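Source file data.txt; content: compact mmCIF, C-alpha atoms.
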```
# COMPACT_ATOMS: atom_id res chain seq x y z
CA MET A 1 10.21 121.70 -95.91
CA ALA A 2 10.16 125.47 -96.41
CA SER A 3 6.77 127.20 -96.23
CA ILE A 4 5.83 129.71 -98.90
CA LEU A 5 3.54 132.53 -97.78
CA LEU A 6 2.07 134.91 -100.34
CA HIS A 7 1.11 138.35 -99.04
CA THR A 8 -0.28 141.30 -101.01
CA ASP A 9 3.09 143.07 -101.07
CA ARG A 10 5.64 140.28 -100.60
CA LEU A 11 6.45 136.59 -100.97
CA GLU A 12 7.87 135.05 -97.83
CA ILE A 13 9.81 131.78 -97.75
CA LYS A 14 9.90 130.56 -94.15
CA LEU A 15 12.78 128.21 -93.51
CA THR A 16 12.66 125.54 -90.83
CA ALA A 17 15.30 125.58 -88.09
CA ALA A 18 17.24 122.81 -89.84
CA GLU A 19 17.13 124.67 -93.17
CA LYS A 20 18.36 127.87 -91.50
CA MET A 21 21.26 125.94 -90.02
CA LEU A 22 22.12 124.25 -93.33
CA ALA A 23 21.84 127.54 -95.23
CA ARG A 24 23.80 129.39 -92.52
CA ARG A 25 21.09 132.03 -92.47
CA LYS A 26 19.40 133.59 -89.43
CA ASP A 27 16.10 134.66 -90.95
CA SER A 28 13.60 133.66 -93.58
CA LEU A 29 13.68 134.98 -97.13
CA VAL A 30 11.35 137.91 -97.92
CA ILE A 31 10.87 138.94 -101.56
CA PRO A 32 8.90 142.09 -102.52
CA ARG A 33 6.22 141.36 -105.13
CA ASP A 34 7.49 144.18 -107.36
CA SER A 35 10.87 142.48 -107.77
CA ILE A 36 9.47 139.17 -109.08
CA ARG A 37 10.13 139.07 -112.82
CA SER A 38 8.90 135.55 -113.60
CA VAL A 39 7.86 132.29 -111.93
CA ALA A 40 8.17 128.84 -113.48
CA LEU A 41 7.39 125.31 -112.36
CA THR A 42 9.94 122.57 -113.05
CA ASP A 43 9.95 118.81 -112.56
CA ASP A 44 13.75 118.64 -112.48
CA PRO A 45 15.12 121.52 -110.37
CA TRP A 46 18.71 120.28 -110.56
CA ILE A 47 19.14 121.54 -114.12
CA TRP A 48 18.51 125.08 -112.83
CA VAL A 49 21.40 124.99 -110.30
CA ARG A 50 24.27 127.20 -111.41
CA GLY A 51 27.53 128.25 -109.77
CA VAL A 52 29.20 127.03 -106.59
CA ARG A 53 27.84 126.66 -103.09
CA ALA A 54 28.91 129.44 -100.73
CA PRO A 55 27.62 129.40 -97.95
CA GLY A 56 25.24 126.49 -97.74
CA SER A 57 25.00 122.73 -97.70
CA ALA A 58 24.64 120.23 -100.52
CA VAL A 59 24.42 116.53 -101.24
CA PRO A 60 24.43 116.09 -105.04
CA LEU A 61 20.95 115.40 -106.48
CA THR A 62 19.56 114.96 -102.95
CA LEU A 63 19.77 118.22 -100.99
CA ALA A 64 20.75 121.82 -101.70
CA VAL A 65 20.12 124.57 -99.16
CA GLY A 66 21.79 127.97 -99.18
CA GLN A 67 23.47 130.38 -101.58
CA TRP A 68 25.04 129.49 -104.90
CA LYS A 69 27.38 132.10 -106.37
CA PHE A 70 27.91 132.43 -110.08
CA HIS A 71 29.45 134.98 -112.41
CA GLY A 72 26.30 137.14 -112.60
CA GLY A 73 25.35 137.14 -108.89
CA LYS A 74 23.82 134.73 -106.36
CA ASP A 75 20.95 132.23 -106.28
CA PHE A 76 19.16 130.87 -103.20
CA LEU A 77 18.18 127.20 -103.18
CA VAL A 78 16.00 125.01 -100.99
CA LEU A 79 15.89 121.76 -102.98
CA LYS A 80 15.14 118.28 -101.70
CA GLY A 81 15.31 115.16 -103.85
CA SER A 82 13.69 115.06 -107.27
CA ARG A 83 10.44 116.75 -106.26
CA PRO A 84 8.91 119.53 -108.39
CA ALA A 85 10.15 123.02 -107.61
CA VAL A 86 9.32 126.65 -108.29
CA VAL A 87 11.90 128.85 -110.03
CA ILE A 88 11.48 132.54 -109.18
CA ASP A 89 13.52 135.06 -111.19
CA LEU A 90 14.12 138.37 -109.39
CA VAL A 91 15.13 141.90 -110.31
CA ASP A 92 17.15 144.26 -108.08
CA GLU A 93 17.34 141.90 -105.09
CA GLU A 94 20.01 140.11 -103.06
CA PHE A 95 19.48 136.98 -105.18
CA ARG A 96 18.93 136.72 -108.95
CA ARG A 97 16.93 133.50 -108.68
CA VAL A 98 15.24 131.48 -105.93
CA LEU A 99 14.55 127.76 -106.30
CA VAL A 100 12.24 126.11 -103.77
CA THR A 101 10.92 122.56 -103.67
CA THR A 102 7.18 122.65 -103.08
CA ARG A 103 4.06 120.56 -103.63
CA LYS A 104 1.94 123.67 -104.18
CA GLY A 105 3.77 125.15 -107.15
CA ILE A 106 0.74 125.31 -109.45
CA GLU A 107 -1.32 127.06 -106.77
CA LEU A 108 1.48 129.59 -106.16
CA ILE A 109 1.75 130.46 -109.85
CA ALA A 110 -2.04 130.77 -110.14
CA ALA A 111 -2.16 133.04 -107.08
CA LEU A 112 0.56 135.27 -108.49
CA ARG A 113 -1.33 135.57 -111.78
CA LEU A 114 -4.61 136.37 -110.00
CA GLU A 115 -2.96 139.20 -108.13
CA GLU A 116 -1.75 140.69 -111.42
CA ARG A 117 -5.36 140.92 -112.67
CA LYS A 118 -6.51 143.20 -109.87
CA PRO A 119 -7.45 146.74 -111.00
CA HIS A 120 -4.67 148.47 -109.08
CA LYS A 121 -2.05 146.37 -110.88
CA ILE A 122 -3.37 146.85 -114.40
CA ARG A 123 -1.96 149.66 -116.50
CA VAL A 124 -4.51 151.21 -118.79
CA HIS A 125 -3.35 153.15 -121.81
CA HIS A 126 -5.95 155.53 -123.22
CA ALA A 127 -5.44 155.90 -126.93
CA LYS A 128 -7.30 158.22 -129.22
CA PRO A 129 -9.65 156.35 -131.54
CA ARG A 130 -8.45 156.01 -135.09
CA THR A 131 -10.80 157.69 -137.52
CA LYS A 132 -10.60 158.37 -141.20
CA ALA A 133 -9.95 161.94 -142.23
CA VAL A 134 -13.20 163.62 -143.19
CA ALA A 135 -13.27 166.93 -145.00
CA SER A 136 -15.54 169.38 -143.32
CA MET A 137 -17.93 171.33 -145.54
CA THR A 138 -20.49 173.91 -144.85
CA SER A 139 -24.08 173.30 -145.79
CA ALA A 140 -23.82 176.04 -148.44
CA GLU A 141 -21.01 174.19 -150.23
CA VAL A 142 -22.97 170.97 -150.17
CA GLU A 143 -26.03 172.70 -151.65
CA GLN A 144 -24.00 174.33 -154.39
CA GLY A 145 -22.57 171.02 -155.47
CA LYS A 146 -18.96 172.00 -154.92
CA ALA A 147 -18.38 168.99 -152.80
CA GLN A 148 -19.13 166.23 -155.23
CA LYS A 149 -17.95 162.86 -154.16
CA LYS A 150 -15.61 161.32 -156.68
CA PRO A 151 -15.21 157.57 -156.76
CA ALA A 152 -11.79 156.38 -155.71
CA GLN A 153 -9.69 155.23 -158.61
CA LYS A 154 -7.82 152.04 -158.17
CA LYS A 155 -4.25 151.94 -159.31
CA PRO A 156 -3.58 149.02 -161.60
CA SER A 157 -1.18 146.60 -160.04
CA PRO A 158 1.90 145.92 -162.13
CA LYS A 159 1.66 142.48 -163.65
CA LYS A 160 4.71 140.37 -164.00
CA PRO A 161 5.25 138.89 -167.44
CA ALA A 162 4.66 135.18 -167.53
CA GLN A 163 7.89 133.30 -167.75
CA LYS A 164 7.89 130.31 -170.02
CA LYS A 165 9.72 127.31 -168.74
CA PRO A 166 11.58 125.26 -171.31
CA ALA A 167 10.01 121.86 -171.87
CA PRO A 168 12.11 118.98 -170.56
CA LYS A 169 13.97 117.13 -173.26
CA LYS A 170 12.78 113.62 -173.96
CA PRO A 171 15.43 110.92 -174.23
CA ASP A 172 15.95 109.47 -177.66
CA ALA A 173 14.21 106.17 -178.21
CA ASP A 174 16.91 105.12 -180.75
CA SER A 175 19.67 104.48 -178.26
```
Please express the file's structure as structure tokens.
Amino acid sequence: MASILLHTDRLEIKLTAAEKMLARRKDSLVIPRDSIRSVALTDDPWIWVRGVRAPGSAVPLTLAVGQWKFHGGKDFLVLKGSRPAVVIDLVDEEFRRVLVTTRKGIELIAALRLEERKPHKIRVHHAKPRTKAVASMTSAEVEQGKAQKKPAQKKPSPKKPAQKKPAPKKPDADS
């Protein structure tokens, strides 16, 4: 089974020798952390498979290792059986999505979220505090009484005329 190693700057998926042979790939998959758009955990990874295998190896609903090409690009899969898998969506990389069967999916997602909370990853936006407009007056104006505070007048809200509903007609008792 492929090993997933999480570094501070990259996510590395180390393939075994058999997986490299089945995927027709010489090296492991290295994904920069900046290019990871989202990560999801799925119980049924086979619904996430899209496109056709090229190059790679597949046994339907049992094994899928290698590249899958589709209209929008390529995906990389390392799926075995009906085990839970991690779905990693990427931006500006060789693959658009990576699917890997793993037992440690929850821990991987938690580790990725913890890394986002570090101070160097957080963007802080400094906004000016919102204050009410206050008229500035000199102490002389205040003493002279020029700046008398007037109570705010409320505008009456327009009231809708009450609509009378016609009373329902009662059936005749004569019939």
Kindly indicate which residue among A:Ala85, A:Val78, A:Leu29, A:Ala2 lies nearest to A:Ile106, using all atoms listed in the file for the distances.
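When distances to A:Ile106 are compared using all atoms listed in the file, the smallest one comes from A:Ala85.
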Compile the contact shell of A:Leu11 as an MDAnalysis selection string: residues with an atom at most 6 Å away, counting only C-alpha atoms, same-chain residues fewer than 6 positions apart removed.
chainID A and resid 5 30:31
Provide the atom CA of A:Ala23 to atom CA of A:Arg113 distance in Å, to one decimal place.
29.6 Å
Residues within 10 Å of stretch 49-58 of chain A, only C-alpha atoms, excluding chain neighbours under 5 positions, as an NGL selection string
:A and (19-25 or 63-80 or 97-99)
For the selection just defined, write its residues with C-alpha atoms to a file, as a compact mmCIF listing (two decimals), in the coordinates of the input.
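In the end it all went to selection-v2.txt:
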```
# COMPACT_ATOMS: atom_id res chain seq x y z
CA GLU A 19 17.13 124.67 -93.17
CA LYS A 20 18.36 127.87 -91.50
CA MET A 21 21.26 125.94 -90.02
CA LEU A 22 22.12 124.25 -93.33
CA ALA A 23 21.84 127.54 -95.23
CA ARG A 24 23.80 129.39 -92.52
CA ARG A 25 21.09 132.03 -92.47
CA LEU A 63 19.77 118.22 -100.99
CA ALA A 64 20.75 121.82 -101.70
CA VAL A 65 20.12 124.57 -99.16
CA GLY A 66 21.79 127.97 -99.18
CA GLN A 67 23.47 130.38 -101.58
CA TRP A 68 25.04 129.49 -104.90
CA LYS A 69 27.38 132.10 -106.37
CA PHE A 70 27.91 132.43 -110.08
CA HIS A 71 29.45 134.98 -112.41
CA GLY A 72 26.30 137.14 -112.60
CA GLY A 73 25.35 137.14 -108.89
CA LYS A 74 23.82 134.73 -106.36
CA ASP A 75 20.95 132.23 -106.28
CA PHE A 76 19.16 130.87 -103.20
CA LEU A 77 18.18 127.20 -103.18
CA VAL A 78 16.00 125.01 -100.99
CA LEU A 79 15.89 121.76 -102.98
CA LYS A 80 15.14 118.28 -101.70
CA ARG A 97 16.93 133.50 -108.68
CA VAL A 98 15.24 131.48 -105.93
CA LEU A 99 14.55 127.76 -106.30
```
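Distances from A:Ile109, A:Thr16, A:Asp34, A:Lys26 to A:Val91 were compared using all atoms listed in the file, and the smallest one belongs to A:Asp34.
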Which one of A:Thr101, A:Ser3, A:Ser82, A:Thr8 sits closest to A:Asp44 if you count all atoms listed in the file?
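Of all the options, A:Ser82 lies closest to A:Asp44.
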Would you place a box with edges along x, y and z of the file around all atoms of stretch 87-99 of chain A listed there, add 4 Å to each of its six sides, and report the centre and edge lengths in Å to one decimal, as JSON?
```
{"center_x": 15.7, "center_y": 136.0, "center_z": -107.1, "size_x": 16.5, "size_y": 24.5, "size_z": 16.1}
```
Mind pulling up the distance from atom CA of A:Lys14 to atom CA of A:Lys104?
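Taking atom CA of A:Lys104 as the start and atom CA of A:Lys14 as the end point, the length is 14.5 Å.
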Nearest to A:Trp46, chosen from A:Glu107, A:Val86, A:Ser28, A:Asp9, with all atoms listed in the file counted in the distances:
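Smallest distance to A:Trp46 is found for A:Val86.
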Of the listed residues A:Ala111, A:Val87, A:Ile13, A:Ala18, that which approaches A:Ile47 most closely, counting only C-alpha atoms:
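Once distances to A:Ile47 are computed over only C-alpha atoms, the minimum belongs to A:Val87.
The coordinates place atom CA of A:Leu108 at 11.3 Å from atom CA of A:His7.
Among the candidates A:Leu6, A:Pro171, A:Asp27, A:Gly81, the residue lying nearest to A:Asp43 is A:Gly81 (atoms considered: only C-alpha atoms).
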